[in-house]
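Below is work36.pdb, holding PDB, C-alpha atoms.
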ATOM      1  CA  MET O  93     -39.970  17.641-117.854  1.00  0.00           C
ATOM      2  CA  LYS O  94     -43.110  19.670-117.657  1.00  0.00           C
ATOM      3  CA  ARG O  95     -44.865  16.763-116.003  1.00  0.00           C
ATOM      4  CA  ASN O  96     -42.143  16.496-113.321  1.00  0.00           C
ATOM      5  CA  THR O  97     -42.426  20.191-112.616  1.00  0.00           C
ATOM      6  CA  ILE O  98     -46.136  19.934-112.099  1.00  0.00           C
ATOM      7  CA  ILE O  99     -45.659  17.001-109.670  1.00  0.00           C
ATOM      8  CA  LEU O 100     -43.035  18.966-107.717  1.00  0.00           C
ATOM      9  CA  ILE O 101     -45.342  21.947-107.416  1.00  0.00           C
ATOM     10  CA  ILE O 102     -48.146  19.722-106.161  1.00  0.00           C
ATOM     11  CA  ILE O 103     -45.842  18.208-103.486  1.00  0.00           C
ATOM     12  CA  VAL O 104     -44.721  21.653-102.324  1.00  0.00           C
ATOM     13  CA  VAL O 105     -48.323  22.839-102.067  1.00  0.00           C
ATOM     14  CA  ILE O 106     -49.283  19.761-100.024  1.00  0.00           C
ATOM     15  CA  ILE O 107     -46.356  20.247 -97.611  1.00  0.00           C
ATOM     16  CA  ALA O 108     -47.104  23.943 -97.244  1.00  0.00           C
ATOM     17  CA  GLY O 109     -50.747  23.223 -96.528  1.00  0.00           C
ATOM     18  CA  ALA O 110     -49.849  20.673 -93.880  1.00  0.00           C
ATOM     19  CA  MET O 111     -47.511  23.127 -92.158  1.00  0.00           C
ATOM     20  CA  PHE O 112     -50.220  25.808 -92.166  1.00  0.00           C
ATOM     21  CA  ILE O 113     -52.642  23.444 -90.455  1.00  0.00           C
ATOM     22  CA  PHE O 114     -50.439  21.707 -87.846  1.00  0.00           C
ATOM     23  CA  LEU O 115     -47.465  23.993 -87.123  1.00  0.00           C
ATOM     24  CA  PRO O 116     -49.372  26.646 -85.030  1.00  0.00           C
ATOM     25  CA  GLY O 117     -50.573  23.921 -82.680  1.00  0.00           C
ATOM     26  CA  LEU O 118     -47.079  22.528 -82.321  1.00  0.00           C
ATOM     27  CA  LEU O 119     -45.589  25.937 -81.581  1.00  0.00           C
ATOM     28  CA  GLN O 120     -48.346  27.150 -79.171  1.00  0.00           C
ATOM     29  CA  VAL O 121     -47.131  27.501 -75.526  1.00  0.00           C
ATOM     30  CA  PRO O 122     -49.716  26.020 -73.173  1.00  0.00           C
ATOM     31  CA  SER O 123     -51.145  28.430 -70.575  1.00  0.00           C
ATOM     32  CA  ILE O 124     -50.413  27.642 -66.890  1.00  0.00           C
ATOM     33  CA  THR O 125     -53.127  28.160 -64.306  1.00  0.00           C
ATOM     34  CA  PRO O 126     -51.656  28.816 -60.835  1.00  0.00           C
ATOM     35  CA  SER O 127     -52.449  26.086 -58.333  1.00  0.00           C
ATOM     36  CA  PRO O 128     -54.664  27.176 -55.480  1.00  0.00           C
ATOM     37  CA  THR O 129     -53.040  27.651 -52.082  1.00  0.00           C
ATOM     38  CA  PRO O 130     -53.257  24.356 -50.203  1.00  0.00           C
ATOM     39  CA  SER O 131     -55.919  24.390 -47.533  1.00  0.00           C
ATOM     40  CA  TRP O 132     -53.342  23.419 -44.883  1.00  0.00           C
ATOM     41  CA  ALA O 133     -51.129  26.434 -45.542  1.00  0.00           C
ATOM     42  CA  PRO O 134     -50.985  28.607 -42.382  1.00  0.00           C
ATOM     43  CA  THR O 135     -52.349  32.118 -42.404  1.00  0.00           C
ATOM     44  CA  LEU O 136     -49.752  34.442 -40.935  1.00  0.00           C
ATOM     45  CA  SER O 137     -50.981  37.316 -38.795  1.00  0.00           C
ATOM     46  CA  PRO O 138     -48.809  40.225 -37.699  1.00  0.00           C
ATOM     47  CA  THR O 139     -47.245  39.690 -34.288  1.00  0.00           C
ATOM     48  CA  PRO O 140     -49.035  42.028 -31.867  1.00  0.00           C
ATOM     49  CA  SER O 141     -46.935  44.718 -30.303  1.00  0.00           C
ATOM     50  CA  PRO O 142     -46.331  44.187 -26.595  1.00  0.00           C
ATOM     51  CA  THR O 143     -48.551  46.379 -24.477  1.00  0.00           C
ATOM     52  CA  SER O 144     -46.786  48.703 -22.086  1.00  0.00           C
ATOM     53  CA  SER O 145     -47.507  48.276 -18.385  1.00  0.00           C
ATOM     54  CA  THR O 146     -49.367  50.944 -16.468  1.00  0.00           C
ATOM     55  CA  PRO O 147     -46.855  53.705 -15.671  1.00  0.00           C
ATOM     56  CA  PHE O 148     -45.756  54.085 -12.068  1.00  0.00           C
ATOM     57  CA  ASP O 149     -46.472  57.790 -12.108  1.00  0.00           C
ATOM     58  CA  GLN O 150     -46.885  58.447  -8.373  1.00  0.00           C
ATOM     59  CA  SER O 151     -44.676  57.949  -5.333  1.00  0.00           C
ATOM     60  CA  VAL O 152     -44.851  58.354  -1.575  1.00  0.00           C
ATOM     61  CA  SER O 153     -41.887  58.794   0.751  1.00  0.00           C
ATOM     62  CA  ASP O 154     -41.162  59.431   4.406  1.00  0.00           C
ATOM     63  CA  GLY O 155     -37.641  60.625   3.654  1.00  0.00           C
ATOM     64  CA  THR O 156     -36.096  57.192   4.059  1.00  0.00           C
ATOM     65  CA  ILE O 157     -38.006  54.852   1.791  1.00  0.00           C
ATOM     66  CA  THR O 158     -39.802  55.730  -1.428  1.00  0.00           C
ATOM     67  CA  ILE O 159     -42.594  53.636  -2.933  1.00  0.00           C
ATOM     68  CA  HIS O 160     -43.739  54.083  -6.522  1.00  0.00           C
ATOM     69  CA  PHE O 161     -47.175  53.059  -7.758  1.00  0.00           C
ATOM     70  CA  PRO O 162     -49.529  53.450 -10.755  1.00  0.00           C
ATOM     71  CA  SER O 163     -52.299  55.936  -9.918  1.00  0.00           C
ATOM     72  CA  LEU O 164     -54.496  54.406 -12.618  1.00  0.00           C
ATOM     73  CA  ASP O 165     -54.798  51.193 -10.617  1.00  0.00           C
ATOM     74  CA  PHE O 166     -54.145  52.224  -7.012  1.00  0.00           C
ATOM     75  CA  GLY O 167     -55.389  54.899  -4.660  1.00  0.00           C
ATOM     76  CA  LEU O 168     -53.468  56.270  -1.673  1.00  0.00           C
ATOM     77  CA  ALA O 169     -54.920  56.756   1.813  1.00  0.00           C
ATOM     78  CA  THR O 170     -53.400  57.845   5.102  1.00  0.00           C
ATOM     79  CA  ASN O 171     -56.411  56.807   7.212  1.00  0.00           C
ATOM     80  CA  PRO O 172     -59.328  54.371   6.834  1.00  0.00           C
ATOM     81  CA  GLN O 173     -61.795  57.152   5.962  1.00  0.00           C
ATOM     82  CA  GLN O 174     -59.801  57.973   2.823  1.00  0.00           C
ATOM     83  CA  VAL O 175     -60.125  54.460   1.431  1.00  0.00           C
ATOM     84  CA  LEU O 176     -62.782  54.912  -1.233  1.00  0.00           C
ATOM     85  CA  THR O 177     -63.399  51.237  -1.918  1.00  0.00           C
ATOM     86  CA  LYS O 178     -65.670  49.778   0.718  1.00  0.00           C
ATOM     87  CA  ALA O 179     -65.601  46.081   1.504  1.00  0.00           C
ATOM     88  CA  TYR O 180     -66.363  43.729   4.371  1.00  0.00           C
ATOM     89  CA  ILE O 181     -62.628  42.944   4.510  1.00  0.00           C
ATOM     90  CA  PRO O 182     -60.901  46.255   3.705  1.00  0.00           C
ATOM     91  CA  PRO O 183     -57.812  46.379   1.477  1.00  0.00           C
ATOM     92  CA  CYS O 184     -55.623  47.378   4.438  1.00  0.00           C
ATOM     93  CA  GLY O 185     -55.917  46.256   8.039  1.00  0.00           C
ATOM     94  CA  GLU O 186     -55.647  48.476  11.062  1.00  0.00           C
ATOM     95  CA  HIS O 187     -52.640  50.651  11.848  1.00  0.00           C
ATOM     96  CA  PHE O 188     -51.145  52.013   8.672  1.00  0.00           C
ATOM     97  CA  ASP O 189     -49.266  55.125   7.681  1.00  0.00           C
ATOM     98  CA  TYR O 190     -50.201  54.570   4.041  1.00  0.00           C
ATOM     99  CA  CYS O 191     -52.633  52.260   2.309  1.00  0.00           C
ATOM    100  CA  LEU O 192     -52.259  51.591  -1.393  1.00  0.00           C
ATOM    101  CA  TYR O 193     -55.591  50.091  -2.437  1.00  0.00           C
ATOM    102  CA  TYR O 194     -56.690  48.678  -5.773  1.00  0.00           C
ATOM    103  CA  ILE O 195     -59.160  50.877  -7.689  1.00  0.00           C
ATOM    104  CA  GLY O 196     -59.075  49.140 -11.079  1.00  0.00           C
ATOM    105  CA  ASN O 197     -62.184  47.625 -12.668  1.00  0.00           C
ATOM    106  CA  ALA O 198     -60.670  44.493 -14.178  1.00  0.00           C
ATOM    107  CA  TYR O 199     -62.547  42.247 -11.744  1.00  0.00           C
ATOM    108  CA  THR O 200     -65.896  44.008 -11.630  1.00  0.00           C
ATOM    109  CA  GLY O 201     -68.737  41.503 -11.688  1.00  0.00           C
ATOM    110  CA  THR O 202     -66.741  38.800  -9.889  1.00  0.00           C
ATOM    111  CA  ASN O 203     -66.462  37.705  -6.280  1.00  0.00           C
ATOM    112  CA  PHE O 204     -63.307  39.823  -5.905  1.00  0.00           C
ATOM    113  CA  GLU O 205     -63.679  42.250  -3.020  1.00  0.00           C
ATOM    114  CA  SER O 206     -60.555  44.272  -2.270  1.00  0.00           C
ATOM    115  CA  ALA O 207     -56.773  44.370  -2.534  1.00  0.00           C
ATOM    116  CA  GLY O 208     -54.065  46.568  -1.124  1.00  0.00           C
ATOM    117  CA  ILE O 209     -50.733  47.092   0.596  1.00  0.00           C
ATOM    118  CA  ARG O 210     -50.624  48.291   4.192  1.00  0.00           C
ATOM    119  CA  ILE O 211     -47.482  50.325   4.954  1.00  0.00           C
ATOM    120  CA  PHE O 212     -46.619  50.927   8.615  1.00  0.00           C
ATOM    121  CA  LYS O 213     -43.487  52.142  10.387  1.00  0.00           C
ATOM    122  CA  ARG O 214     -43.021  50.008  13.501  1.00  0.00           C
ATOM    123  CA  THR O 215     -41.499  52.413  16.024  1.00  0.00           C
ATOM    124  CA  ASP O 216     -41.963  49.775  18.727  1.00  0.00           C
ATOM    125  CA  LEU O 217     -39.468  47.429  17.079  1.00  0.00           C
ATOM    126  CA  THR O 218     -36.192  49.169  17.819  1.00  0.00           C
ATOM    127  CA  THR O 219     -33.606  46.580  16.802  1.00  0.00           C
ATOM    128  CA  GLN O 220     -32.992  44.700  13.579  1.00  0.00           C
ATOM    129  CA  ALA O 221     -33.624  41.377  15.316  1.00  0.00           C
ATOM    130  CA  GLN O 222     -36.986  42.563  16.662  1.00  0.00           C
ATOM    131  CA  CYS O 223     -37.969  43.951  13.279  1.00  0.00           C
ATOM    132  CA  LEU O 224     -37.197  40.758  11.425  1.00  0.00           C
ATOM    133  CA  THR O 225     -38.545  38.187  13.882  1.00  0.00           C
ATOM    134  CA  THR O 226     -41.474  39.690  15.833  1.00  0.00           C
ATOM    135  CA  PRO O 227     -44.641  37.850  14.736  1.00  0.00           C
ATOM    136  CA  PRO O 228     -47.363  39.790  12.923  1.00  0.00           C
ATOM    137  CA  THR O 229     -50.262  41.018  15.030  1.00  0.00           C
ATOM    138  CA  ASN O 230     -52.579  38.142  16.008  1.00  0.00           C
ATOM    139  CA  TYR O 231     -49.993  35.554  14.949  1.00  0.00           C
ATOM    140  CA  THR O 232     -48.201  35.092  18.268  1.00  0.00           C
ATOM    141  CA  THR O 233     -46.218  31.979  17.344  1.00  0.00           C
ATOM    142  CA  MET O 234     -45.475  32.717  13.696  1.00  0.00           C
ATOM    143  CA  THR O 235     -41.841  32.806  12.611  1.00  0.00           C
ATOM    144  CA  PRO O 236     -40.382  34.278   9.400  1.00  0.00           C
ATOM    145  CA  THR O 237     -40.662  32.067   6.343  1.00  0.00           C
ATOM    146  CA  SER O 238     -37.494  33.694   5.002  1.00  0.00           C
ATOM    147  CA  THR O 239     -34.914  36.304   6.029  1.00  0.00           C
ATOM    148  CA  ALA O 240     -32.138  38.064   4.124  1.00  0.00           C
ATOM    149  CA  VAL O 241     -29.468  40.506   5.327  1.00  0.00           C
ATOM    150  CA  PHE O 242     -27.720  42.931   2.956  1.00  0.00           C
ATOM    151  CA  ALA O 243     -25.095  45.639   3.404  1.00  0.00           C
ATOM    152  CA  ASP O 244     -27.465  48.499   4.253  1.00  0.00           C
ATOM    153  CA  TYR O 245     -30.767  46.760   5.064  1.00  0.00           C
ATOM    154  CA  ALA O 246     -32.356  43.466   6.067  1.00  0.00           C
ATOM    155  CA  VAL O 247     -35.731  41.920   5.177  1.00  0.00           C
ATOM    156  CA  SER O 248     -37.991  39.113   6.339  1.00  0.00           C
ATOM    157  CA  GLU O 249     -41.236  37.534   5.161  1.00  0.00           C
ATOM    158  CA  PHE O 250     -44.189  36.091   7.056  1.00  0.00           C
ATOM    159  CA  SER O 251     -46.550  33.986   4.963  1.00  0.00           C
ATOM    160  CA  PRO O 252     -49.312  33.065   4.572  1.00  0.00           C
ATOM    161  CA  LEU O 253     -51.597  35.478   6.396  1.00  0.00           C
ATOM    162  CA  GLY O 254     -55.357  35.110   6.273  1.00  0.00           C
ATOM    163  CA  ASP O 255     -58.641  36.474   7.529  1.00  0.00           C
ATOM    164  CA  ALA O 256     -62.232  35.309   7.195  1.00  0.00           C
ATOM    165  CA  GLY O 257     -65.772  35.970   8.345  1.00  0.00           C
ATOM    166  CA  MET O 258     -69.393  35.807   7.174  1.00  0.00           C
ATOM    167  CA  GLY O 259     -68.625  34.393   3.732  1.00  0.00           C
ATOM    168  CA  HIS O 260     -65.625  36.668   3.157  1.00  0.00           C
ATOM    169  CA  TYR O 261     -61.952  35.768   3.276  1.00  0.00           C
ATOM    170  CA  ALA O 262     -58.563  37.301   2.564  1.00  0.00           C
ATOM    171  CA  SER O 263     -55.001  36.104   2.001  1.00  0.00           C
ATOM    172  CA  GLY O 264     -51.684  37.879   1.958  1.00  0.00           C
ATOM    173  CA  THR O 265     -48.084  38.220   3.065  1.00  0.00           C
ATOM    174  CA  LEU O 266     -46.287  40.492   5.511  1.00  0.00           C
ATOM    175  CA  TYR O 267     -42.788  41.807   4.853  1.00  0.00           C
ATOM    176  CA  ARG O 268     -40.468  43.610   7.268  1.00  0.00           C
ATOM    177  CA  LEU O 269     -37.687  45.979   6.269  1.00  0.00           C
ATOM    178  CA  ALA O 270     -34.978  47.067   8.716  1.00  0.00           C
ATOM    179  CA  CYS O 271     -32.951  50.023   7.456  1.00  0.00           C
ATOM    180  CA  HIS O 272     -31.523  53.311   8.737  1.00  0.00           C
ATOM    181  CA  ASN O 273     -32.391  52.340  12.344  1.00  0.00           C
ATOM    182  CA  ALA O 274     -36.070  52.039  11.411  1.00  0.00           C
ATOM    183  CA  CYS O 275     -38.483  49.161  10.907  1.00  0.00           C
ATOM    184  CA  TYR O 276     -41.173  49.079   8.227  1.00  0.00           C
ATOM    185  CA  GLU O 277     -43.785  46.479   7.503  1.00  0.00           C
ATOM    186  CA  PHE O 278     -45.696  45.954   4.276  1.00  0.00           C
ATOM    187  CA  GLU O 279     -48.712  43.697   4.261  1.00  0.00           C
ATOM    188  CA  THR O 280     -50.354  42.587   1.030  1.00  0.00           C
ATOM    189  CA  ARG O 281     -53.993  41.530   1.084  1.00  0.00           C
ATOM    190  CA  ILE O 282     -56.504  40.251  -1.452  1.00  0.00           C
ATOM    191  CA  GLY O 283     -60.085  39.848  -0.261  1.00  0.00           C
ATOM    192  CA  GLN O 284     -62.873  37.791  -1.819  1.00  0.00           C
ATOM    193  CA  THR O 285     -66.373  36.606  -1.097  1.00  0.00           C
ATOM    194  CA  GLN O 286     -67.352  32.955  -1.339  1.00  0.00           C
ATOM    195  CA  PHE O 287     -68.176  32.332  -4.993  1.00  0.00           C
ATOM    196  CA  LEU O 288     -70.429  29.388  -4.175  1.00  0.00           C
ATOM    197  CA  ASN O 289     -72.672  31.666  -2.110  1.00  0.00           C
ATOM    198  CA  TYR O 290     -73.972  33.365  -5.273  1.00  0.00           C
ATOM    199  CA  PRO O 291     -76.758  32.039  -7.507  1.00  0.00           C
ATOM    200  CA  THR O 292     -75.395  30.165 -10.493  1.00  0.00           C
ATOM    201  CA  GLY O 293     -74.595  32.522 -13.371  1.00  0.00           C
ATOM    202  CA  SER O 294     -75.122  35.725 -11.384  1.00  0.00           C
ATOM    203  CA  ILE O 295     -71.414  36.637 -11.280  1.00  0.00           C
ATOM    204  CA  LYS O 296     -68.120  35.444 -12.710  1.00  0.00           C
ATOM    205  CA  GLU O 297     -65.518  33.732 -10.589  1.00  0.00           C
ATOM    206  CA  PHE O 298     -62.409  35.562  -9.447  1.00  0.00           C
ATOM    207  CA  THR O 299     -60.078  32.808 -10.552  1.00  0.00           C
ATOM    208  CA  LEU O 300     -56.700  31.662  -9.308  1.00  0.00           C
ATOM    209  CA  ALA O 301     -55.207  33.174 -12.463  1.00  0.00           C
ATOM    210  CA  ASN O 302     -56.851  36.518 -11.598  1.00  0.00           C
ATOM    211  CA  GLN O 303     -55.446  36.309  -8.086  1.00  0.00           C
ATOM    212  CA  THR O 304     -51.977  35.527  -9.429  1.00  0.00           C
ATOM    213  CA  THR O 305     -52.141  38.547 -11.734  1.00  0.00           C
ATOM    214  CA  LEU O 306     -53.221  40.860  -8.927  1.00  0.00           C
ATOM    215  CA  THR O 307     -50.587  39.445  -6.579  1.00  0.00           C
ATOM    216  CA  GLY O 308     -48.031  40.243  -9.261  1.00  0.00           C
ATOM    217  CA  MET O 309     -49.249  43.853  -9.388  1.00  0.00           C
ATOM    218  CA  LEU O 310     -48.813  44.196  -5.636  1.00  0.00           C
ATOM    219  CA  GLY O 311     -45.408  42.569  -5.896  1.00  0.00           C
ATOM    220  CA  SER O 312     -44.298  44.956  -8.638  1.00  0.00           C
ATOM    221  CA  ILE O 313     -44.966  47.880  -6.296  1.00  0.00           C
ATOM    222  CA  LEU O 314     -43.031  46.288  -3.449  1.00  0.00           C
ATOM    223  CA  SER O 315     -40.127  45.374  -5.699  1.00  0.00           C
ATOM    224  CA  GLY O 316     -39.669  49.089  -6.486  1.00  0.00           C
ATOM    225  CA  ILE O 317     -39.060  50.336  -2.927  1.00  0.00           C
ATOM    226  CA  THR O 318     -35.943  52.522  -2.955  1.00  0.00           C
ATOM    227  CA  LEU O 319     -33.591  53.794  -0.243  1.00  0.00           C
ATOM    228  CA  PRO O 320     -31.825  57.194   0.004  1.00  0.00           C
ATOM    229  CA  SER O 321     -28.779  55.582  -1.631  1.00  0.00           C
ATOM    230  CA  GLY O 322     -30.919  54.809  -4.674  1.00  0.00           C
ATOM    231  CA  ASN O 323     -30.688  51.074  -4.047  1.00  0.00           C
ATOM    232  CA  THR O 324     -33.817  49.041  -4.642  1.00  0.00           C
ATOM    233  CA  VAL O 325     -34.965  46.807  -1.802  1.00  0.00           C
ATOM    234  CA  SER O 326     -35.021  43.106  -2.643  1.00  0.00           C
ATOM    235  CA  LEU O 327     -37.842  41.502  -0.696  1.00  0.00           C
ATOM    236  CA  PRO O 328     -37.605  37.720  -0.143  1.00  0.00           C
ATOM    237  CA  GLN O 329     -40.153  36.627  -2.758  1.00  0.00           C
ATOM    238  CA  MET O 330     -38.701  39.115  -5.256  1.00  0.00           C
ATOM    239  CA  GLN O 331     -35.145  37.767  -5.099  1.00  0.00           C
TER     240      GLN O 331
END

Target encoding structure tokens, full file:
Amino acid sequence: MKRNTIILIIIVVIIAGAMFIFLPGLLQVPSITPSPTPSWAPTLSPTPSPTSSTPFDQSVSDGTITIHFPSLDFGLATNPQQVLTKAYIPPCGEHFDYCLYYIGNAYTGTNFESAGIRIFKRTDLTTQAQCLTTPPTNYTTMTPTSTAVFADYAVSEFSPLGDAGMGHYASGTLYRLACHNACYEFETRIGQTQFLNYPTGSIKEFTLANQTTLTGMLGSILSGITLPSGNTVSLPQMQ
């Protein structure tokens, strides 16, 4: 009996020892190292806030039409001497009541030369038909590229217009507006010098994309012309 007890004690001690050695390893929870972010995972950047356009903080009116424009980008002249930007091809041609000319510096260092809108009341065109169809000066056979008649006004477009000389050239469009027994014309113009005339690397090119952007700025001014009724004039290319 005593011998059996001793054997039992020995067995218990052996089992206890084995549990002391192996059980902690069996019960230990393995640590988990986070996997690194895959190299192909995109990096998300905050979406930039849209930039506000230059405010149209100035306006000019003759009592019938009102034109709004951003003074940060455009100057206003009532005669050629007031046009502060000097160029071989000026921003506005002859005969204007108002000239809105570009004064921004976005195209400094390029072959861009000038841009503007010539505004002129045509007192010699006394009927709506004359206003809409009379060719622009120096374009004796030109006919409107488009015409539209509305309840209280009518508009026409003559395009394209151009000018050139001595390595300089300009392009633009002329619009006519017949309203309140008056005739107005608005001529856009963008002037450039020949880029290939400059030594390589001396200036940057005024690109087609630049011209499109500037044309859009001129168009945004024209698309804001308002009448005494408060209606906004819809010029052909703006429709």

message: Can you pull out the residues contacting region 286-303 of chain O? Cut-off 6 Å, using all atoms listed in the file, and skip same-chain residues under 6 positions away; I want them as a list in words.
response: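 Contacts, in chain order: Gly201, Thr202, Asn203, Phe204 and Gly259 of chain O.
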
Write the residues of the selection above to a file with C-alpha atoms, as a CSV table (one decimal), keeping the file's coordinate frame.
chain,number,residue,atom,x,y,z
O,201,GLY,CA,-68.7,41.5,-11.7
O,202,THR,CA,-66.7,38.8,-9.9
O,203,ASN,CA,-66.5,37.7,-6.3
O,204,PHE,CA,-63.3,39.8,-5.9
O,259,GLY,CA,-68.6,34.4,3.7

message: Using Å and a single decimal, report how far CA of Ile209 (chain O) sits from CA of Gly185 (chain O).
response: 9.1 Å

- prompt: Expressed in Å to a single decimal, how great is the separation between CA of Ala179 (chain O) and CA of Gly264 (chain O)?
  reply: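 Value for the CA of Ala179 (chain O)-CA of Gly264 (chain O) distance: 16.2 Å.
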
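A straight line drawn from CA of Thr233 (chain O) to CA of Arg214 (chain O) is 18.7 Å long.
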
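Using all atoms listed in the file, the shortest contact distance between Ser153 (chain O) and any of O:Leu319, O:Ala198, O:Leu217, O:Leu327 is found at O:Leu319.
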
task: Please work out which residues fall within 6 Å of (-55.7, 39.8, 1.6), coordinates as given in the file, with all atoms listed in the file counting, and return them as a list of chain:residue names.
output: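 Protein and nucleic acid residues near the point are O:Ala262, O:Ser263, O:Gly264, O:Arg281, O:Ile282, O:Gly283.
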
query: Given the file above and the PyMOL selection byres ((chain O and resi 274) around 10), which residues are selected, and can you give them as a VMD selection string?
result: chain O and resid 156 213 to 220 223 245 269 to 273 275 to 276

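Using all atoms listed in the file, the contacts of Pro228 (chain O) at a cut-off of 12 Å, with sequence neighbours closer than 5 positions omitted, comprise O:Gly185, O:Phe212, O:Arg214, O:Leu217, O:Gln222, O:Cys223, O:Thr233, O:Met234, O:Thr235, O:Pro236, O:Ser248, O:Glu249, O:Phe250, O:Ser251, O:Pro252, O:Leu253, O:Gly254, O:Gly264, O:Thr265, O:Leu266, O:Tyr267, O:Arg268, O:Glu277, O:Phe278, O:Glu279.
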
From O:Gly308, O:Gln173, O:Ala243, O:His187, residue lying nearest Ser321 (chain O) [all atoms listed in the file]: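 Ranking O:Gly308, O:Gln173, O:Ala243, O:His187 by distance to Ser321 (chain O), first place goes to O:Ala243.
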
query: Which residue gives the smallest distance to Gly322 (chain O) among O:Thr146, O:Asp244, O:Thr285, O:Tyr190, with only C-alpha atoms counted?
result: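 Residue with the minimum atom-to-atom distance to Gly322 (chain O): O:Asp244.
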
message: Since I can't run it myself right now, could you work out what the PyMOL selection byres ((chain O and resi 193) around 9) selects here and report it as a PyMOL selection string?
response: chain O and resi 165-169+175-177+182-184+191-192+194-195+206-210

task: Rank nothing, just name the residue among O:Asn323, O:Ser312, O:Thr304, O:Thr232 nearest to His160 (chain O), using all atoms listed in the file.
output: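 Comparing O:Asn323, O:Ser312, O:Thr304, O:Thr232 against His160 (chain O), the winner is O:Ser312.
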